[in-house]
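Colleague: Starting off with a structure, shown below.
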Amino acid sequence: MSLKLSFSSLLNFCIANKIAFSIWRFPHSDELTAILSDTFSDEKSCDLTNDKGFCMSSFDNKGKYILLKAKVELRINLSEKTIAVISNDETLISTSQLKKLVSGYYKSTKPNIISSSFEQTNKHHFTQTVQSVIDNIKEANFDKVVVSKFKEEAITNEEIPFLFKKLYEDYPSAFCYLTYIPKNGIWIGATPETLLSYNRESEVFKTVALAGTQNGDGIELKEAVWRQKEIEEQALVSRYIINCFKIIRLRDFSEKGPKTIKAGRLLHLITEFEVHNSKTKIVNLPQTMLELLHPTSAVCGMPLKEAQKFISTEERYDREFYTGFLGPVNFNQSTNLFVNLRCGKIYNGKIRLFAGAGITEDSDPEKEWQETEMKCQTILNKLEAVRNH
């Protein structure tokens, strides 16, 4: 059974009625999954064993996330353009039943989401911060620090569903999502980086080290040439993951890479790690690794505590969910969490776009600024395409 329900109408209906929802598409998939939720937590302790829903965690999460529990689940086949609406007892429901289920949600919620007031990151401050990191690395205070920024652009509610559609159509290798949570606003993104995945049936755990960025326009993957700076940056992230394995005395894992991948117009270096927990028998492996991995050196730096302190004092804004993690927990026997990169927060007629760059001793402040500008274009280019259509 499929329902003739406009995707845009569904999103606009949820936003207008303050219905918490999340819609996502896995990399290389032709199916969207969406949940409408009448139950969502304030920040709660992560529990990858017993929780089920869609989670979002901030950069500085302190072991917590916000969890949306599904009251209604929708499966949208992109190739067939059909929507199957399923209740939490796995039975199909009609459009009228759907409207009845969601009617009356959050009527007392205020319509506008207030975002913390910060000035957009200017180039001078960003490059000065990068130079400060380089100087500190030379003095052996850091190995690496990820410096980030944000910029804002106007956006209308009518443009939101079309922007999301452009993201999942044009970035097939990314995890694409659109989430609305009362009090936290609308978040949208197309992230290339898996934090972790775990399948309960096969007991296979996966994670990746992803770092290093260059413009991929006109470049074949096999022809990509990487500078020493990007190679070392990627190696730092790989060593960080291996060190996490060592902490829990996990030695039986496979490592593939580094290799070059393409995410939209950008190229990255990636190394893939896989663990068959049916052999290692580590109790609560995904939960334990989540606590060790986040925040990774790919979004924070090394040493971790020193990098976090530098970021909190020098960036001059709150990252919120940017460089946190998000994804479905225990859906179809699997948990899939992604690092929240190439993302934006939509509030009060604006979209706040975030981007960062990993700074090492070989970094150049001007080139790092240009890298963050390229990363912001992941979403900005698609918004422009929506307007020009």
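Labels for the structure tokens follow display order: chains A, B, ..., residues from 1 in each chain, ligands from 1.
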Leaving out range 335-341 of chain A and any residue of its chain fewer than 4 positions from it, which residues lie within 6 Å of it when counting only C-alpha atoms, given as a ChimeraX atom specification?

Modeller: /A:191,193-198,322-330

Colleague: Could you list, with a cut-off of 9 Å and counting only C-alpha atoms, the residues of range 255-325 of chain A near range 140-148 of chain A, each shown with its nearest atom pair and the distance in Å rounded to one decimal, rows sorted by chain and ascending number, as CSV?

Modeller:
```
residue,atom,partner,partner_atom,distance
A:Ser297,CA,A:Lys144,CA,7.8
A:Ala298,CA,A:Val146,CA,7.1
A:Val299,CA,A:Val146,CA,5.7
A:Cys300,CA,A:Val146,CA,5.1
A:Gly301,CA,A:Val145,CA,4.1
A:Met302,CA,A:Lys144,CA,5.2
A:Pro303,CA,A:Phe142,CA,6.2
A:Leu304,CA,A:Val145,CA,8.8
A:Glu306,CA,A:Phe142,CA,7.3
A:Ala307,CA,A:Val145,CA,5.6
A:Gln308,CA,A:Val145,CA,8.4
A:Phe310,CA,A:Val145,CA,8.2
A:Ile311,CA,A:Val147,CA,7.1
A:Glu314,CA,A:Val147,CA,8.8
A:Glu315,CA,A:Ser148,CA,7.0
A:Arg319,CA,A:Ser148,CA,8.5
```

Colleague: Pull the helix (DSSP H, G or I) assignments for range 212-376 of chain A out of DSSP run on the backbone, and list those residues as JSON, numbers by chain.

Modeller: {"A": [221, 222, 223, 228, 229, 230, 231, 232, 233, 234, 235, 236, 237, 238, 239, 240, 241, 242, 243, 244, 245, 246, 247, 277, 278, 279, 280, 285, 286, 287, 288, 289, 290, 291, 292, 293, 304, 305, 306, 307, 308, 309, 310, 311, 312, 313, 314, 365, 366, 367, 368, 369, 370, 371, 372, 373, 374, 375, 376]}

Colleague: May I have the residues within 10 Å of range 290-292 of chain A as a PDB file with N, CA, C and O atoms, in the first residue's frame, using only C-alpha atoms and disregarding those fewer than 6 positions away in the same chain?

Modeller:
```pdb
ATOM      1  N   CYS A  46      23.508   8.494  26.758  1.00  0.00           N
ATOM      2  CA  CYS A  46      23.472   7.595  25.615  1.00  0.00           C
ATOM      3  C   CYS A  46      23.284   6.154  26.077  1.00  0.00           C
ATOM      4  O   CYS A  46      23.927   5.713  27.026  1.00  0.00           O
ATOM      5  N   LEU A  48      23.024   2.846  23.736  1.00  0.00           N
ATOM      6  CA  LEU A  48      22.904   2.199  22.435  1.00  0.00           C
ATOM      7  C   LEU A  48      22.392   0.772  22.536  1.00  0.00           C
ATOM      8  O   LEU A  48      22.125   0.138  21.515  1.00  0.00           O
ATOM      9  N   LYS A  62      29.049  15.590  26.586  1.00  0.00           N
ATOM     10  CA  LYS A  62      29.181  15.032  27.938  1.00  0.00           C
ATOM     11  C   LYS A  62      28.446  13.694  28.081  1.00  0.00           C
ATOM     12  O   LYS A  62      27.809  13.398  29.095  1.00  0.00           O
ATOM     13  N   GLY A  63      28.505  12.869  27.033  1.00  0.00           N
ATOM     14  CA  GLY A  63      27.913  11.537  27.081  1.00  0.00           C
ATOM     15  C   GLY A  63      26.407  11.503  26.969  1.00  0.00           C
ATOM     16  O   GLY A  63      25.766  10.544  27.405  1.00  0.00           O
ATOM     17  N   LYS A  64      25.804  12.526  26.361  1.00  0.00           N
ATOM     18  CA  LYS A  64      24.352  12.596  26.265  1.00  0.00           C
ATOM     19  C   LYS A  64      23.908  12.889  24.833  1.00  0.00           C
ATOM     20  O   LYS A  64      24.681  13.371  24.013  1.00  0.00           O
ATOM     21  N   LEU A 195      30.589   7.807  12.087  1.00  0.00           N
ATOM     22  CA  LEU A 195      31.246   7.706  13.388  1.00  0.00           C
ATOM     23  C   LEU A 195      31.351   6.244  13.783  1.00  0.00           C
ATOM     24  O   LEU A 195      32.434   5.753  14.122  1.00  0.00           O
ATOM     25  N   LEU A 196      30.220   5.532  13.728  1.00  0.00           N
ATOM     26  CA  LEU A 196      30.242   4.093  13.980  1.00  0.00           C
ATOM     27  C   LEU A 196      28.963   3.465  13.447  1.00  0.00           C
ATOM     28  O   LEU A 196      27.931   4.121  13.314  1.00  0.00           O
ATOM     29  N   TYR A 240      44.436   7.734  16.323  1.00  0.00           N
ATOM     30  CA  TYR A 240      43.499   7.980  17.420  1.00  0.00           C
ATOM     31  C   TYR A 240      42.535   6.800  17.583  1.00  0.00           C
ATOM     32  O   TYR A 240      42.284   6.340  18.700  1.00  0.00           O
ATOM     33  N   ILE A 241      41.998   6.298  16.462  1.00  0.00           N
ATOM     34  CA  ILE A 241      41.072   5.167  16.512  1.00  0.00           C
ATOM     35  C   ILE A 241      41.783   3.913  17.002  1.00  0.00           C
ATOM     36  O   ILE A 241      41.267   3.170  17.858  1.00  0.00           O
ATOM     37  N   ASN A 243      44.317   3.748  18.893  1.00  0.00           N
ATOM     38  CA  ASN A 243      44.571   3.913  20.328  1.00  0.00           C
ATOM     39  C   ASN A 243      43.321   3.609  21.151  1.00  0.00           C
ATOM     40  O   ASN A 243      43.411   3.039  22.250  1.00  0.00           O
ATOM     41  N   CYS A 244      42.140   3.966  20.617  1.00  0.00           N
ATOM     42  CA  CYS A 244      40.883   3.611  21.298  1.00  0.00           C
ATOM     43  C   CYS A 244      40.730   2.100  21.389  1.00  0.00           C
ATOM     44  O   CYS A 244      40.294   1.564  22.418  1.00  0.00           O
ATOM     45  N   PHE A 245      41.083   1.393  20.315  1.00  0.00           N
ATOM     46  CA  PHE A 245      41.053  -0.072  20.351  1.00  0.00           C
ATOM     47  C   PHE A 245      42.000  -0.615  21.417  1.00  0.00           C
ATOM     48  O   PHE A 245      41.675  -1.570  22.128  1.00  0.00           O
ATOM     49  N   ILE A 247      42.908   0.783  24.170  1.00  0.00           N
ATOM     50  CA  ILE A 247      42.394   1.048  25.516  1.00  0.00           C
ATOM     51  C   ILE A 247      41.504  -0.087  25.993  1.00  0.00           C
ATOM     52  O   ILE A 247      41.522  -0.465  27.172  1.00  0.00           O
ATOM     53  N   ILE A 248      40.708  -0.658  25.077  1.00  0.00           N
ATOM     54  CA  ILE A 248      39.819  -1.769  25.463  1.00  0.00           C
ATOM     55  C   ILE A 248      40.445  -3.129  25.111  1.00  0.00           C
ATOM     56  O   ILE A 248      39.766  -4.146  25.092  1.00  0.00           O
ATOM     57  N   PHE A 325      27.209  14.145  16.856  1.00  0.00           N
ATOM     58  CA  PHE A 325      26.863  12.970  16.059  1.00  0.00           C
ATOM     59  C   PHE A 325      25.354  12.801  16.026  1.00  0.00           C
ATOM     60  O   PHE A 325      24.630  13.343  16.867  1.00  0.00           O
ATOM     61  N   LEU A 337      25.586   5.801  13.365  1.00  0.00           N
ATOM     62  CA  LEU A 337      25.825   7.165  13.819  1.00  0.00           C
ATOM     63  C   LEU A 337      26.839   7.837  12.908  1.00  0.00           C
ATOM     64  O   LEU A 337      27.841   7.236  12.510  1.00  0.00           O
TER      65      LEU A 337
END
```

Colleague: Which of range 250-317 of chain A counts as strand (DSSP E or B) under DSSP, as number ranges by chain please?

Modeller: A: 254-263, 266-276, 301-302

Colleague: Could you save those same residues with N, CA, C and O atoms as a PDB file, in the first residue's frame?

Modeller:
```pdb
ATOM      1  N   SER A 254      40.278  -5.269  11.292  1.00  0.00           N
ATOM      2  CA  SER A 254      40.837  -5.073   9.956  1.00  0.00           C
ATOM      3  C   SER A 254      40.906  -3.586   9.656  1.00  0.00           C
ATOM      4  O   SER A 254      40.074  -2.803  10.119  1.00  0.00           O
ATOM      5  N   GLU A 255      41.910  -3.217   8.881  1.00  0.00           N
ATOM      6  CA  GLU A 255      42.141  -1.812   8.523  1.00  0.00           C
ATOM      7  C   GLU A 255      42.367  -1.730   7.025  1.00  0.00           C
ATOM      8  O   GLU A 255      43.238  -2.406   6.482  1.00  0.00           O
ATOM      9  N   LYS A 256      41.560  -0.895   6.337  1.00  0.00           N
ATOM     10  CA  LYS A 256      41.685  -0.720   4.893  1.00  0.00           C
ATOM     11  C   LYS A 256      41.865   0.762   4.574  1.00  0.00           C
ATOM     12  O   LYS A 256      41.037   1.589   4.922  1.00  0.00           O
ATOM     13  N   GLY A 257      42.950   1.079   3.915  1.00  0.00           N
ATOM     14  CA  GLY A 257      43.217   2.462   3.542  1.00  0.00           C
ATOM     15  C   GLY A 257      44.587   2.902   4.001  1.00  0.00           C
ATOM     16  O   GLY A 257      45.376   2.086   4.471  1.00  0.00           O
ATOM     17  N   PRO A 258      44.881   4.196   3.856  1.00  0.00           N
ATOM     18  CA  PRO A 258      43.948   5.238   3.379  1.00  0.00           C
ATOM     19  C   PRO A 258      43.735   5.192   1.871  1.00  0.00           C
ATOM     20  O   PRO A 258      44.599   4.783   1.116  1.00  0.00           O
ATOM     21  N   LYS A 259      42.538   5.621   1.476  1.00  0.00           N
ATOM     22  CA  LYS A 259      42.209   5.749   0.064  1.00  0.00           C
ATOM     23  C   LYS A 259      41.444   7.049  -0.142  1.00  0.00           C
ATOM     24  O   LYS A 259      40.959   7.660   0.827  1.00  0.00           O
ATOM     25  N   THR A 260      41.330   7.474  -1.383  1.00  0.00           N
ATOM     26  CA  THR A 260      40.634   8.718  -1.706  1.00  0.00           C
ATOM     27  C   THR A 260      39.173   8.435  -2.022  1.00  0.00           C
ATOM     28  O   THR A 260      38.866   7.495  -2.765  1.00  0.00           O
ATOM     29  N   ILE A 261      38.280   9.224  -1.445  1.00  0.00           N
ATOM     30  CA  ILE A 261      36.860   9.137  -1.782  1.00  0.00           C
ATOM     31  C   ILE A 261      36.369  10.520  -2.196  1.00  0.00           C
ATOM     32  O   ILE A 261      37.007  11.534  -1.901  1.00  0.00           O
ATOM     33  N   LYS A 262      35.235  10.543  -2.878  1.00  0.00           N
ATOM     34  CA  LYS A 262      34.652  11.810  -3.305  1.00  0.00           C
ATOM     35  C   LYS A 262      33.339  12.037  -2.587  1.00  0.00           C
ATOM     36  O   LYS A 262      32.503  11.131  -2.504  1.00  0.00           O
ATOM     37  N   ALA A 263      33.164  13.223  -2.044  1.00  0.00           N
ATOM     38  CA  ALA A 263      31.919  13.620  -1.390  1.00  0.00           C
ATOM     39  C   ALA A 263      31.469  14.933  -2.022  1.00  0.00           C
ATOM     40  O   ALA A 263      31.988  15.997  -1.679  1.00  0.00           O
ATOM     41  N   LEU A 266      34.155  17.570  -3.241  1.00  0.00           N
ATOM     42  CA  LEU A 266      35.358  17.496  -2.418  1.00  0.00           C
ATOM     43  C   LEU A 266      35.928  16.085  -2.387  1.00  0.00           C
ATOM     44  O   LEU A 266      35.195  15.097  -2.461  1.00  0.00           O
ATOM     45  N   LEU A 267      37.247  15.999  -2.256  1.00  0.00           N
ATOM     46  CA  LEU A 267      37.940  14.738  -2.069  1.00  0.00           C
ATOM     47  C   LEU A 267      38.443  14.642  -0.645  1.00  0.00           C
ATOM     48  O   LEU A 267      38.857  15.647  -0.047  1.00  0.00           O
ATOM     49  N   HIS A 268      38.393  13.431  -0.076  1.00  0.00           N
ATOM     50  CA  HIS A 268      38.887  13.193   1.280  1.00  0.00           C
ATOM     51  C   HIS A 268      39.720  11.917   1.297  1.00  0.00           C
ATOM     52  O   HIS A 268      39.580  11.043   0.429  1.00  0.00           O
ATOM     53  N   LEU A 269      40.561  11.794   2.317  1.00  0.00           N
ATOM     54  CA  LEU A 269      41.262  10.545   2.588  1.00  0.00           C
ATOM     55  C   LEU A 269      40.494   9.778   3.660  1.00  0.00           C
ATOM     56  O   LEU A 269      40.036  10.379   4.640  1.00  0.00           O
ATOM     57  N   ILE A 270      40.374   8.466   3.483  1.00  0.00           N
ATOM     58  CA  ILE A 270      39.607   7.667   4.432  1.00  0.00           C
ATOM     59  C   ILE A 270      40.303   6.335   4.696  1.00  0.00           C
ATOM     60  O   ILE A 270      40.905   5.751   3.794  1.00  0.00           O
ATOM     61  N   THR A 271      40.257   5.904   5.938  1.00  0.00           N
ATOM     62  CA  THR A 271      40.676   4.565   6.331  1.00  0.00           C
ATOM     63  C   THR A 271      39.509   3.908   7.052  1.00  0.00           C
ATOM     64  O   THR A 271      38.894   4.520   7.924  1.00  0.00           O
ATOM     65  N   GLU A 272      39.196   2.659   6.666  1.00  0.00           N
ATOM     66  CA  GLU A 272      38.043   1.946   7.224  1.00  0.00           C
ATOM     67  C   GLU A 272      38.509   0.873   8.210  1.00  0.00           C
ATOM     68  O   GLU A 272      39.467   0.143   7.938  1.00  0.00           O
ATOM     69  N   PHE A 273      37.814   0.789   9.345  1.00  0.00           N
ATOM     70  CA  PHE A 273      38.117  -0.205  10.368  1.00  0.00           C
ATOM     71  C   PHE A 273      36.891  -1.085  10.590  1.00  0.00           C
ATOM     72  O   PHE A 273      35.762  -0.588  10.607  1.00  0.00           O
ATOM     73  N   GLU A 274      37.107  -2.381  10.775  1.00  0.00           N
ATOM     74  CA  GLU A 274      36.009  -3.316  10.980  1.00  0.00           C
ATOM     75  C   GLU A 274      36.375  -4.327  12.066  1.00  0.00           C
ATOM     76  O   GLU A 274      37.508  -4.828  12.104  1.00  0.00           O
ATOM     77  N   VAL A 275      35.399  -4.606  12.933  1.00  0.00           N
ATOM     78  CA  VAL A 275      35.590  -5.561  14.024  1.00  0.00           C
ATOM     79  C   VAL A 275      34.447  -6.570  13.983  1.00  0.00           C
ATOM     80  O   VAL A 275      33.275  -6.183  13.913  1.00  0.00           O
ATOM     81  N   HIS A 276      34.769  -7.864  14.028  1.00  0.00           N
ATOM     82  CA  HIS A 276      33.762  -8.916  14.139  1.00  0.00           C
ATOM     83  C   HIS A 276      33.653  -9.291  15.617  1.00  0.00           C
ATOM     84  O   HIS A 276      34.450 -10.072  16.129  1.00  0.00           O
ATOM     85  N   GLY A 301      40.735  17.588  17.892  1.00  0.00           N
ATOM     86  CA  GLY A 301      42.180  17.730  17.854  1.00  0.00           C
ATOM     87  C   GLY A 301      42.861  16.796  18.828  1.00  0.00           C
ATOM     88  O   GLY A 301      42.215  15.960  19.465  1.00  0.00           O
ATOM     89  N   MET A 302      44.167  16.947  18.943  1.00  0.00           N
ATOM     90  CA  MET A 302      44.968  16.127  19.851  1.00  0.00           C
ATOM     91  C   MET A 302      46.079  16.986  20.454  1.00  0.00           C
ATOM     92  O   MET A 302      46.681  17.790  19.743  1.00  0.00           O
TER      93      MET A 302
END
```

Colleague: Considering only C-alpha atoms, return as a list in words whatever protein or nucleic-acid residues lie within 6 Å of range 177-188 of chain A, sequence-local ones (same chain, fewer than 6 positions apart) excluded.

Modeller: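 After dropping sequence-adjacent residues, the list is Ala20, Phe21, Ser22, Ile23, Trp24, Ile113, Cys343, Gly344, Lys345 and Ile346 of chain A.
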
Colleague: Interatomic distance between CA of Lys69 in chain A and CA of Lys52 in chain A?

Modeller: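 Atom-to-atom, CA of Lys69 in chain A to CA of Lys52 in chain A, that is 6.5 Å.
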
Colleague: Point out the residue among A:Ala34, A:Lys382, A:Lys149, A:Lys305 with the least atom-to-atom distance to Gly189 in chain A, counting only C-alpha atoms.

Modeller: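 Residue with the minimum atom-to-atom distance to Gly189 in chain A: A:Lys382.
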
Colleague: Just the residues within 9 Å of Glu43 in chain A, please, counting only C-alpha atoms, with nothing from its chain fewer than 3 positions along; format it as a list in words.

Modeller: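 The residues satisfying every condition are Cys46, Ser57, Asn61, Lys64, Tyr65, Ile66 and Leu67 of chain A.
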
Colleague: Could you tell me which of A:Ile155, A:Ile134, A:Leu353, A:Ile359 comes closest to Leu236 in chain A if we count only C-alpha atoms?

Modeller: A:Ile359

Colleague: From the options A:Glu233, A:Leu11, A:Thr372, A:Glu139, which residue's atoms come nearest to Lys165 in chain A, counting only C-alpha atoms?

Modeller: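 Of A:Glu233, A:Leu11, A:Thr372, A:Glu139, the one nearest Lys165 in chain A, counting only C-alpha atoms, is A:Leu11.
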